[in-house]
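For reference, the structure discussed in these notes is given below.
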Amino acid sequence: MMFAAATLAIIVTMALAIVRAIRGPTVFDRAQAGNTTGTMAVMLLAVIGFLNGRPEFLDLAIVYGLLNLVGTIAVLKFFRYGDLGDPGEGEPPRQP
Amino acid sequence: MSAALDLASWTALAAGGFFCLVGGIGLLRMPDFYTRVHAASVAETLGVGLMLLGLMLQSGFTLSTVKLAIIGLLFLFTSPAATNALAKAGMSRGIQPLLASREHESSKR
């Protein structure tokens with residue numbers, strides 16, 4: 001029963017994060033909302049894995065947590081430097 | 001003994017869910033970007049940590065407890081990295097934090 005309550009809390013938090021993603025004025029609010037949604041997805045996997053008595057969901061949660069970080073960092077790098085391949089702060093980006 | 005464990009894990013799960021909600025609500029109601037990053041990290045650290053603790057108590061000494069500990073370690077390292085990257089990206093793109101204006105002095109002084 002308590003797993004259902006925890007799952008409900010996670011789903012409501014995801015909904016709040018999605019509302020922030022829609023309303024967020026700046027693109028970084030949306031990146032933050034994406035990061036929170038990813039974290040809550042990891043937790044949802046873990047709790048639902050326990051709810052159905054299937055422990056292999058935890059492996060999915062670990063992989064999804066790692067992917068979530070890589071995705072957030074890539075999005076941030078793109079919006080900060082304009083493109084993903086920028087060699088450094090000062091130098092001009094290398095010609096393709 | 002197992003009743004005490006169940007009770008402890010249920011309270012940890014409930015507290016984790018509560019903090020997730022607090023973080024989610026904070027994500028919506030906070031005035032500017034940097035306070036929202038803080039609110040989201042509240043949910044990410046406390047909410048997730050307590051829930052993982054609750055699940056660990058439920059599973060006892062099995063492989064899934066090790067996996068839950070690995071997920072906890074994963075969040076221990078990735079959550080600050082993501083939050084730092086977010087704040088630096090926001091700052092470098094010129095998002096100014098909402099500071100207290102001069103007229104109404106802060107209560108600390």
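Going by the structure tokens order, chains are called A, B, ..., each with residues numbered from 1, while ligands are numbered from 1 in the order shown.
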Neighbour list for range 16-23 of chain B as number ranges by chain, cut-off 9 Å, only C-alpha atoms, skip fewer than 4 positions in-chain: A: 5-10, 12-13, 16, 40; B: 11-12, 27-28, 36, 38-44, 46-54
Please dump the current selection as a CSV table (one decimal), in the first residue's frame; keep N, CA, C and O atoms.
chain,number,residue,atom,x,y,z
A,5,ALA,N,1.5,4.8,-2.4
A,5,ALA,CA,1.5,6.2,-2.0
A,5,ALA,C,2.8,6.8,-2.6
A,5,ALA,O,2.8,7.9,-3.1
A,6,ALA,N,3.9,6.1,-2.5
A,6,ALA,CA,5.2,6.6,-3.0
A,6,ALA,C,5.1,6.8,-4.5
A,6,ALA,O,5.6,7.8,-5.0
A,7,THR,N,4.5,5.8,-5.2
A,7,THR,CA,4.4,6.0,-6.7
A,7,THR,C,3.6,7.2,-7.0
A,7,THR,O,3.9,8.0,-7.9
A,8,LEU,N,2.5,7.4,-6.3
A,8,LEU,CA,1.6,8.6,-6.5
A,8,LEU,C,2.4,9.9,-6.3
A,8,LEU,O,2.4,10.8,-7.1
A,9,ALA,N,3.2,9.9,-5.2
A,9,ALA,CA,4.0,11.1,-5.0
A,9,ALA,C,5.0,11.4,-6.1
A,9,ALA,O,5.1,12.5,-6.6
A,10,ILE,N,5.6,10.3,-6.6
A,10,ILE,CA,6.6,10.5,-7.7
A,10,ILE,C,5.9,11.0,-9.0
A,10,ILE,O,6.3,11.9,-9.7
A,12,VAL,N,3.1,12.7,-9.2
A,12,VAL,CA,2.7,14.1,-9.0
A,12,VAL,C,3.9,15.0,-9.2
A,12,VAL,O,3.8,16.0,-9.9
A,13,THR,N,5.0,14.6,-8.7
A,13,THR,CA,6.2,15.4,-8.8
A,13,THR,C,6.6,15.5,-10.3
A,13,THR,O,7.0,16.6,-10.8
A,16,LEU,N,4.4,18.0,-11.8
A,16,LEU,CA,4.8,19.4,-11.5
A,16,LEU,C,6.0,19.8,-12.3
A,16,LEU,O,6.1,20.9,-12.9
A,40,MET,N,12.9,11.5,-11.4
A,40,MET,CA,11.7,10.8,-10.9
A,40,MET,C,11.4,9.6,-11.7
A,40,MET,O,10.9,8.6,-11.1
B,11,THR,N,7.7,4.6,6.9
B,11,THR,CA,7.8,6.0,7.2
B,11,THR,C,8.9,6.6,6.3
B,11,THR,O,8.7,7.7,5.9
B,12,ALA,N,10.0,5.9,6.1
B,12,ALA,CA,11.0,6.5,5.2
B,12,ALA,C,10.4,6.7,3.8
B,12,ALA,O,10.6,7.8,3.2
B,27,LEU,N,9.6,23.7,-7.2
B,27,LEU,CA,10.0,23.9,-8.6
B,27,LEU,C,9.0,24.9,-9.3
B,27,LEU,O,9.4,25.7,-10.1
B,28,LEU,N,7.8,24.9,-8.9
B,28,LEU,CA,6.8,25.7,-9.5
B,28,LEU,C,6.7,27.1,-8.9
B,28,LEU,O,6.6,28.1,-9.6
B,36,ARG,N,14.8,27.9,-8.2
B,36,ARG,CA,14.2,26.6,-8.7
B,36,ARG,C,15.2,25.5,-8.7
B,36,ARG,O,14.9,24.3,-8.4
B,38,HIS,N,17.6,25.1,-6.7
B,38,HIS,CA,17.7,24.7,-5.3
B,38,HIS,C,16.5,23.8,-4.9
B,38,HIS,O,16.7,22.7,-4.4
B,39,ALA,N,15.3,24.2,-5.3
B,39,ALA,CA,14.1,23.4,-4.9
B,39,ALA,C,14.2,22.1,-5.5
B,39,ALA,O,13.9,21.0,-4.9
B,40,ALA,N,14.6,22.0,-6.8
B,40,ALA,CA,14.7,20.7,-7.4
B,40,ALA,C,15.7,19.8,-6.8
B,40,ALA,O,15.5,18.6,-6.6
B,41,SER,N,16.8,20.4,-6.3
B,41,SER,CA,17.8,19.5,-5.7
B,41,SER,C,17.4,19.1,-4.3
B,41,SER,O,17.8,18.0,-3.9
B,42,VAL,N,16.4,19.8,-3.7
B,42,VAL,CA,15.9,19.3,-2.5
B,42,VAL,C,15.2,18.0,-2.7
B,42,VAL,O,15.4,17.0,-2.1
B,43,ALA,N,14.3,18.0,-3.8
B,43,ALA,CA,13.6,16.7,-4.1
B,43,ALA,C,14.6,15.6,-4.5
B,43,ALA,O,14.4,14.5,-4.1
B,44,GLU,N,15.6,16.0,-5.2
B,44,GLU,CA,16.5,15.0,-5.7
B,44,GLU,C,17.3,14.4,-4.6
B,44,GLU,O,17.6,13.2,-4.6
B,46,LEU,N,16.9,14.7,-0.9
B,46,LEU,CA,16.2,14.1,0.3
B,46,LEU,C,15.1,13.1,-0.2
B,46,LEU,O,15.0,12.0,0.3
B,47,GLY,N,14.3,13.6,-1.2
B,47,GLY,CA,13.2,12.7,-1.6
B,47,GLY,C,13.7,11.3,-2.0
B,47,GLY,O,13.3,10.3,-1.6
B,48,VAL,N,14.7,11.4,-2.9
B,48,VAL,CA,15.2,10.1,-3.5
B,48,VAL,C,15.9,9.3,-2.4
B,48,VAL,O,15.8,8.1,-2.3
B,49,GLY,N,16.7,10.0,-1.6
B,49,GLY,CA,17.5,9.3,-0.6
B,49,GLY,C,16.6,8.6,0.4
B,49,GLY,O,16.8,7.4,0.7
B,50,LEU,N,15.6,9.3,0.9
B,50,LEU,CA,14.7,8.6,1.9
B,50,LEU,C,13.9,7.5,1.2
B,50,LEU,O,13.8,6.4,1.8
B,51,MET,N,13.5,7.6,0.0
B,51,MET,CA,12.8,6.5,-0.7
B,51,MET,C,13.7,5.3,-0.9
B,51,MET,O,13.3,4.2,-0.6
B,52,LEU,N,15.0,5.6,-1.3
B,52,LEU,CA,15.9,4.5,-1.4
B,52,LEU,C,16.1,3.8,-0.1
B,52,LEU,O,16.1,2.6,0.0
B,53,LEU,N,16.2,4.6,1.0
B,53,LEU,CA,16.4,4.0,2.3
B,53,LEU,C,15.2,3.1,2.6
B,53,LEU,O,15.3,1.9,3.1
B,54,GLY,N,14.0,3.6,2.3
B,54,GLY,CA,12.8,2.8,2.6
B,54,GLY,C,12.8,1.5,1.8
B,54,GLY,O,12.5,0.4,2.3
Counting only C-alpha atoms, a student should be able to say which residues of chain A come within 8 Å of chain B; what is the right answer, written as a PyMOL selection string? chain A and resi 2-3+5-6+9-10+12-14+16-17+19-20+28-29+31-32+35-36+39+43+47+50+55+58-59+61-62+65-66+69+72-73+76-77+79-80
Can you tell me, as an mmCIF file with N, CA and C atoms, in the first residue's frame, which residues in chain A count as alpha helix (DSSP H) by DSSP?
data_model
loop_
_atom_site.group_PDB
_atom_site.id
_atom_site.type_symbol
_atom_site.label_atom_id
_atom_site.label_comp_id
_atom_site.auth_asym_id
_atom_site.auth_seq_id
_atom_site.Cartn_x
_atom_site.Cartn_y
_atom_site.Cartn_z
ATOM 1 N N MET A 2 1.979 1.172 0.821
ATOM 2 C CA MET A 2 2.829 2.369 0.907
ATOM 3 C C MET A 2 3.550 2.589 -0.414
ATOM 4 N N PHE A 3 3.831 1.488 -1.165
ATOM 5 C CA PHE A 3 4.464 1.673 -2.478
ATOM 6 C C PHE A 3 3.552 2.499 -3.374
ATOM 7 N N ALA A 4 2.221 2.248 -3.272
ATOM 8 C CA ALA A 4 1.289 3.004 -4.114
ATOM 9 C C ALA A 4 1.354 4.481 -3.761
ATOM 10 N N ALA A 5 1.467 4.780 -2.446
ATOM 11 C CA ALA A 5 1.548 6.185 -2.043
ATOM 12 C C ALA A 5 2.831 6.799 -2.593
ATOM 13 N N ALA A 6 3.946 6.064 -2.497
ATOM 14 C CA ALA A 6 5.220 6.606 -3.001
ATOM 15 C C ALA A 6 5.129 6.803 -4.514
ATOM 16 N N THR A 7 4.523 5.836 -5.215
ATOM 17 C CA THR A 7 4.405 5.979 -6.678
ATOM 18 C C THR A 7 3.570 7.197 -7.014
ATOM 19 N N LEU A 8 2.489 7.415 -6.251
ATOM 20 C CA LEU A 8 1.636 8.583 -6.514
ATOM 21 C C LEU A 8 2.438 9.867 -6.316
ATOM 22 N N ALA A 9 3.237 9.911 -5.239
ATOM 23 C CA ALA A 9 4.032 11.126 -4.979
ATOM 24 C C ALA A 9 4.987 11.375 -6.137
ATOM 25 N N ILE A 10 5.611 10.312 -6.638
ATOM 26 C CA ILE A 10 6.581 10.486 -7.729
ATOM 27 C C ILE A 10 5.867 10.985 -8.971
ATOM 28 N N ILE A 11 4.689 10.413 -9.269
ATOM 29 C CA ILE A 11 3.983 10.812 -10.497
ATOM 30 C C ILE A 11 3.539 12.264 -10.394
ATOM 31 N N VAL A 12 3.097 12.676 -9.177
ATOM 32 C CA VAL A 12 2.669 14.076 -9.023
ATOM 33 C C VAL A 12 3.883 14.991 -9.208
ATOM 34 N N THR A 13 5.047 14.590 -8.665
ATOM 35 C CA THR A 13 6.239 15.433 -8.829
ATOM 36 C C THR A 13 6.609 15.538 -10.307
ATOM 37 N N MET A 14 6.474 14.427 -11.023
ATOM 38 C CA MET A 14 6.757 14.479 -12.472
ATOM 39 C C MET A 14 5.803 15.456 -13.148
ATOM 40 N N ALA A 15 4.518 15.402 -12.764
ATOM 41 C CA ALA A 15 3.549 16.315 -13.386
ATOM 42 C C ALA A 15 3.947 17.761 -13.099
ATOM 43 N N LEU A 16 4.365 18.041 -11.849
ATOM 44 C CA LEU A 16 4.776 19.417 -11.518
ATOM 45 C C LEU A 16 5.987 19.812 -12.350
ATOM 46 N N ALA A 17 6.921 18.869 -12.533
ATOM 47 C CA ALA A 17 8.112 19.205 -13.332
ATOM 48 C C ALA A 17 7.709 19.480 -14.780
ATOM 49 N N ILE A 18 6.738 18.728 -15.299
ATOM 50 C CA ILE A 18 6.327 18.952 -16.686
ATOM 51 C C ILE A 18 5.626 20.298 -16.812
ATOM 52 N N VAL A 19 4.854 20.669 -15.773
ATOM 53 C CA VAL A 19 4.223 22.001 -15.818
ATOM 54 C C VAL A 19 5.316 23.066 -15.843
ATOM 55 N N ARG A 20 6.372 22.873 -15.034
ATOM 56 C CA ARG A 20 7.473 23.838 -15.064
ATOM 57 C C ARG A 20 8.126 23.828 -16.438
ATOM 58 N N ALA A 21 8.241 22.668 -17.064
ATOM 59 C CA ALA A 21 8.878 22.627 -18.392
ATOM 60 C C ALA A 21 8.049 23.426 -19.388
ATOM 61 N N ILE A 22 6.730 23.379 -19.251
ATOM 62 C CA ILE A 22 5.873 24.100 -20.207
ATOM 63 C C ILE A 22 5.946 25.589 -19.926
ATOM 64 N N ARG A 23 5.889 25.963 -18.627
ATOM 65 C CA ARG A 23 5.811 27.396 -18.307
ATOM 66 C C ARG A 23 7.170 28.054 -18.306
ATOM 67 N N VAL A 27 15.323 28.613 -21.253
ATOM 68 C CA VAL A 27 15.540 27.245 -21.710
ATOM 69 C C VAL A 27 16.156 26.428 -20.586
ATOM 70 N N PHE A 28 16.827 27.133 -19.640
ATOM 71 C CA PHE A 28 17.477 26.361 -18.580
ATOM 72 C C PHE A 28 16.452 25.862 -17.576
ATOM 73 N N ASP A 29 15.300 26.581 -17.440
ATOM 74 C CA ASP A 29 14.238 26.011 -16.603
ATOM 75 C C ASP A 29 13.781 24.692 -17.197
ATOM 76 N N ARG A 30 13.721 24.657 -18.524
ATOM 77 C CA ARG A 30 13.252 23.411 -19.166
ATOM 78 C C ARG A 30 14.287 22.319 -18.978
ATOM 79 N N ALA A 31 15.571 22.678 -19.058
ATOM 80 C CA ALA A 31 16.595 21.654 -18.834
ATOM 81 C C ALA A 31 16.504 21.138 -17.394
ATOM 82 N N GLN A 32 16.264 22.063 -16.452
ATOM 83 C CA GLN A 32 16.113 21.642 -15.045
ATOM 84 C C GLN A 32 14.909 20.733 -14.909
ATOM 85 N N ALA A 33 13.785 21.080 -15.574
ATOM 86 C CA ALA A 33 12.589 20.225 -15.475
ATOM 87 C C ALA A 33 12.872 18.864 -16.076
ATOM 88 N N GLY A 34 13.651 18.837 -17.187
ATOM 89 C CA GLY A 34 13.991 17.544 -17.769
ATOM 90 C C GLY A 34 14.807 16.711 -16.819
ATOM 91 N N ASN A 35 15.739 17.357 -16.139
ATOM 92 C CA ASN A 35 16.577 16.637 -15.180
ATOM 93 C C ASN A 35 15.718 16.063 -14.047
ATOM 94 N N THR A 36 14.798 16.860 -13.524
ATOM 95 C CA THR A 36 13.943 16.363 -12.434
ATOM 96 C C THR A 36 13.052 15.236 -12.914
ATOM 97 N N THR A 37 12.522 15.372 -14.139
ATOM 98 C CA THR A 37 11.665 14.288 -14.645
ATOM 99 C C THR A 37 12.469 13.005 -14.778
ATOM 100 N N GLY A 38 13.727 13.120 -15.245
ATOM 101 C CA GLY A 38 14.553 11.925 -15.380
ATOM 102 C C GLY A 38 14.808 11.277 -14.032
ATOM 103 N N THR A 39 15.081 12.126 -13.020
ATOM 104 C CA THR A 39 15.331 11.547 -11.695
ATOM 105 C C THR A 39 14.093 10.842 -11.183
ATOM 106 N N MET A 40 12.941 11.481 -11.392
ATOM 107 C CA MET A 40 11.724 10.846 -10.899
ATOM 108 C C MET A 40 11.425 9.574 -11.682
ATOM 109 N N ALA A 41 11.833 9.526 -12.960
ATOM 110 C CA ALA A 41 11.622 8.293 -13.719
ATOM 111 C C ALA A 41 12.465 7.172 -13.124
ATOM 112 N N VAL A 42 13.678 7.509 -12.711
ATOM 113 C CA VAL A 42 14.537 6.495 -12.090
ATOM 114 C C VAL A 42 13.868 5.959 -10.843
ATOM 115 N N MET A 43 13.342 6.899 -10.025
ATOM 116 C CA MET A 43 12.722 6.440 -8.774
ATOM 117 C C MET A 43 11.467 5.640 -9.063
ATOM 118 N N LEU A 44 10.733 6.045 -10.107
ATOM 119 C CA LEU A 44 9.502 5.304 -10.440
ATOM 120 C C LEU A 44 9.851 3.869 -10.817
ATOM 121 N N LEU A 45 10.933 3.724 -11.611
ATOM 122 C CA LEU A 45 11.363 2.372 -12.002
ATOM 123 C C LEU A 45 11.678 1.548 -10.770
ATOM 124 N N ALA A 46 12.422 2.163 -9.828
ATOM 125 C CA ALA A 46 12.836 1.389 -8.654
ATOM 126 C C ALA A 46 11.614 0.965 -7.843
ATOM 127 N N VAL A 47 10.681 1.901 -7.621
ATOM 128 C CA VAL A 47 9.536 1.586 -6.756
ATOM 129 C C VAL A 47 8.622 0.585 -7.448
ATOM 130 N N ILE A 48 8.390 0.766 -8.745
ATOM 131 C CA ILE A 48 7.482 -0.165 -9.434
ATOM 132 C C ILE A 48 8.144 -1.533 -9.528
ATOM 133 N N GLY A 49 9.491 -1.543 -9.658
ATOM 134 C CA GLY A 49 10.168 -2.831 -9.643
ATOM 135 C C GLY A 49 9.889 -3.553 -8.339
ATOM 136 N N PHE A 50 9.849 -2.781 -7.245
ATOM 137 C CA PHE A 50 9.558 -3.422 -5.960
ATOM 138 C C PHE A 50 8.090 -3.806 -5.861
ATOM 139 N N LEU A 51 7.221 -2.947 -6.446
ATOM 140 C CA LEU A 51 5.778 -3.209 -6.319
ATOM 141 C C LEU A 51 5.441 -4.553 -6.957
ATOM 142 N N PHE A 57 14.311 -4.496 -12.432
ATOM 143 C CA PHE A 57 14.025 -3.104 -12.817
ATOM 144 C C PHE A 57 15.108 -2.176 -12.286
ATOM 145 N N LEU A 58 15.795 -2.583 -11.196
ATOM 146 C CA LEU A 58 16.792 -1.684 -10.616
ATOM 147 C C LEU A 58 17.941 -1.469 -11.590
ATOM 148 N N ASP A 59 18.274 -2.494 -12.413
ATOM 149 C CA ASP A 59 19.337 -2.278 -13.402
ATOM 150 C C ASP A 59 18.899 -1.207 -14.389
ATOM 151 N N LEU A 60 17.620 -1.273 -14.794
ATOM 152 C CA LEU A 60 17.132 -0.241 -15.716
ATOM 153 C C LEU A 60 17.265 1.125 -15.070
ATOM 154 N N ALA A 61 16.956 1.201 -13.766
ATOM 155 C CA ALA A 61 17.003 2.508 -13.097
ATOM 156 C C ALA A 61 18.426 3.058 -13.117
ATOM 157 N N ILE A 62 19.418 2.177 -12.891
ATOM 158 C CA ILE A 62 20.814 2.657 -12.888
ATOM 159 C C ILE A 62 21.166 3.196 -14.263
ATOM 160 N N VAL A 63 20.838 2.431 -15.315
ATOM 161 C CA VAL A 63 21.215 2.863 -16.671
ATOM 162 C C VAL A 63 20.502 4.165 -17.012
ATOM 163 N N TYR A 64 19.225 4.263 -16.606
ATOM 164 C CA TYR A 64 18.486 5.477 -16.953
ATOM 165 C C TYR A 64 19.044 6.677 -16.216
ATOM 166 N N GLY A 65 19.509 6.470 -14.957
ATOM 167 C CA GLY A 65 20.113 7.584 -14.222
ATOM 168 C C GLY A 65 21.338 8.108 -14.933
ATOM 169 N N LEU A 66 22.180 7.174 -15.436
ATOM 170 C CA LEU A 66 23.394 7.618 -16.150
ATOM 171 C C LEU A 66 23.022 8.351 -17.425
ATOM 172 N N LEU A 67 22.051 7.780 -18.170
ATOM 173 C CA LEU A 67 21.664 8.439 -19.429
ATOM 174 C C LEU A 67 21.113 9.820 -19.151
ATOM 175 N N ASN A 68 20.361 9.929 -18.065
ATOM 176 C CA ASN A 68 19.750 11.216 -17.748
ATOM 177 C C ASN A 68 20.818 12.279 -17.537
ATOM 178 N N LEU A 69 21.909 11.890 -16.824
ATOM 179 C CA LEU A 69 22.965 12.877 -16.586
ATOM 180 C C LEU A 69 23.608 13.292 -17.911
ATOM 181 N N VAL A 70 23.930 12.270 -18.748
ATOM 182 C CA VAL A 70 24.611 12.595 -20.010
ATOM 183 C C VAL A 70 23.727 13.511 -20.848
ATOM 184 N N GLY A 71 22.422 13.220 -20.876
ATOM 185 C CA GLY A 71 21.510 14.048 -21.666
ATOM 186 C C GLY A 71 21.476 15.474 -21.160
ATOM 187 N N THR A 72 21.369 15.640 -19.839
ATOM 188 C CA THR A 72 21.279 16.999 -19.292
ATOM 189 C C THR A 72 22.561 17.766 -19.590
ATOM 190 N N ILE A 73 23.725 17.121 -19.386
ATOM 191 C CA ILE A 73 24.992 17.827 -19.620
ATOM 192 C C ILE A 73 25.105 18.197 -21.101
ATOM 193 N N ALA A 74 24.671 17.298 -22.011
ATOM 194 C CA ALA A 74 24.783 17.610 -23.446
ATOM 195 C C ALA A 74 23.891 18.799 -23.790
ATOM 196 N N VAL A 75 22.665 18.800 -23.280
ATOM 197 C CA VAL A 75 21.757 19.920 -23.587
ATOM 198 C C VAL A 75 22.355 21.220 -23.073
ATOM 199 N N LEU A 76 22.910 21.167 -21.853
ATOM 200 C CA LEU A 76 23.464 22.405 -21.274
ATOM 201 C C LEU A 76 24.663 22.867 -22.074
ATOM 202 N N LYS A 77 25.511 21.903 -22.488
ATOM 203 C CA LYS A 77 26.689 22.315 -23.258
ATOM 204 C C LYS A 77 26.248 22.953 -24.567
ATOM 205 N N PHE A 78 25.206 22.397 -25.174
ATOM 206 C CA PHE A 78 24.760 22.957 -26.453
ATOM 207 C C PHE A 78 24.262 24.381 -26.249
ATOM 208 N N PHE A 79 23.467 24.595 -25.183
ATOM 209 C CA PHE A 79 22.889 25.936 -25.021
ATOM 210 C C PHE A 79 23.903 26.916 -24.481
ATOM 211 N N ARG A 80 24.987 26.406 -23.895
ATOM 212 C CA ARG A 80 25.954 27.363 -23.367
ATOM 213 C C ARG A 80 26.933 27.800 -24.433
ATOM 214 N N TYR A 81 27.428 26.854 -25.259
ATOM 215 C CA TYR A 81 28.479 27.214 -26.222
ATOM 216 C C TYR A 81 27.924 27.374 -27.630
#
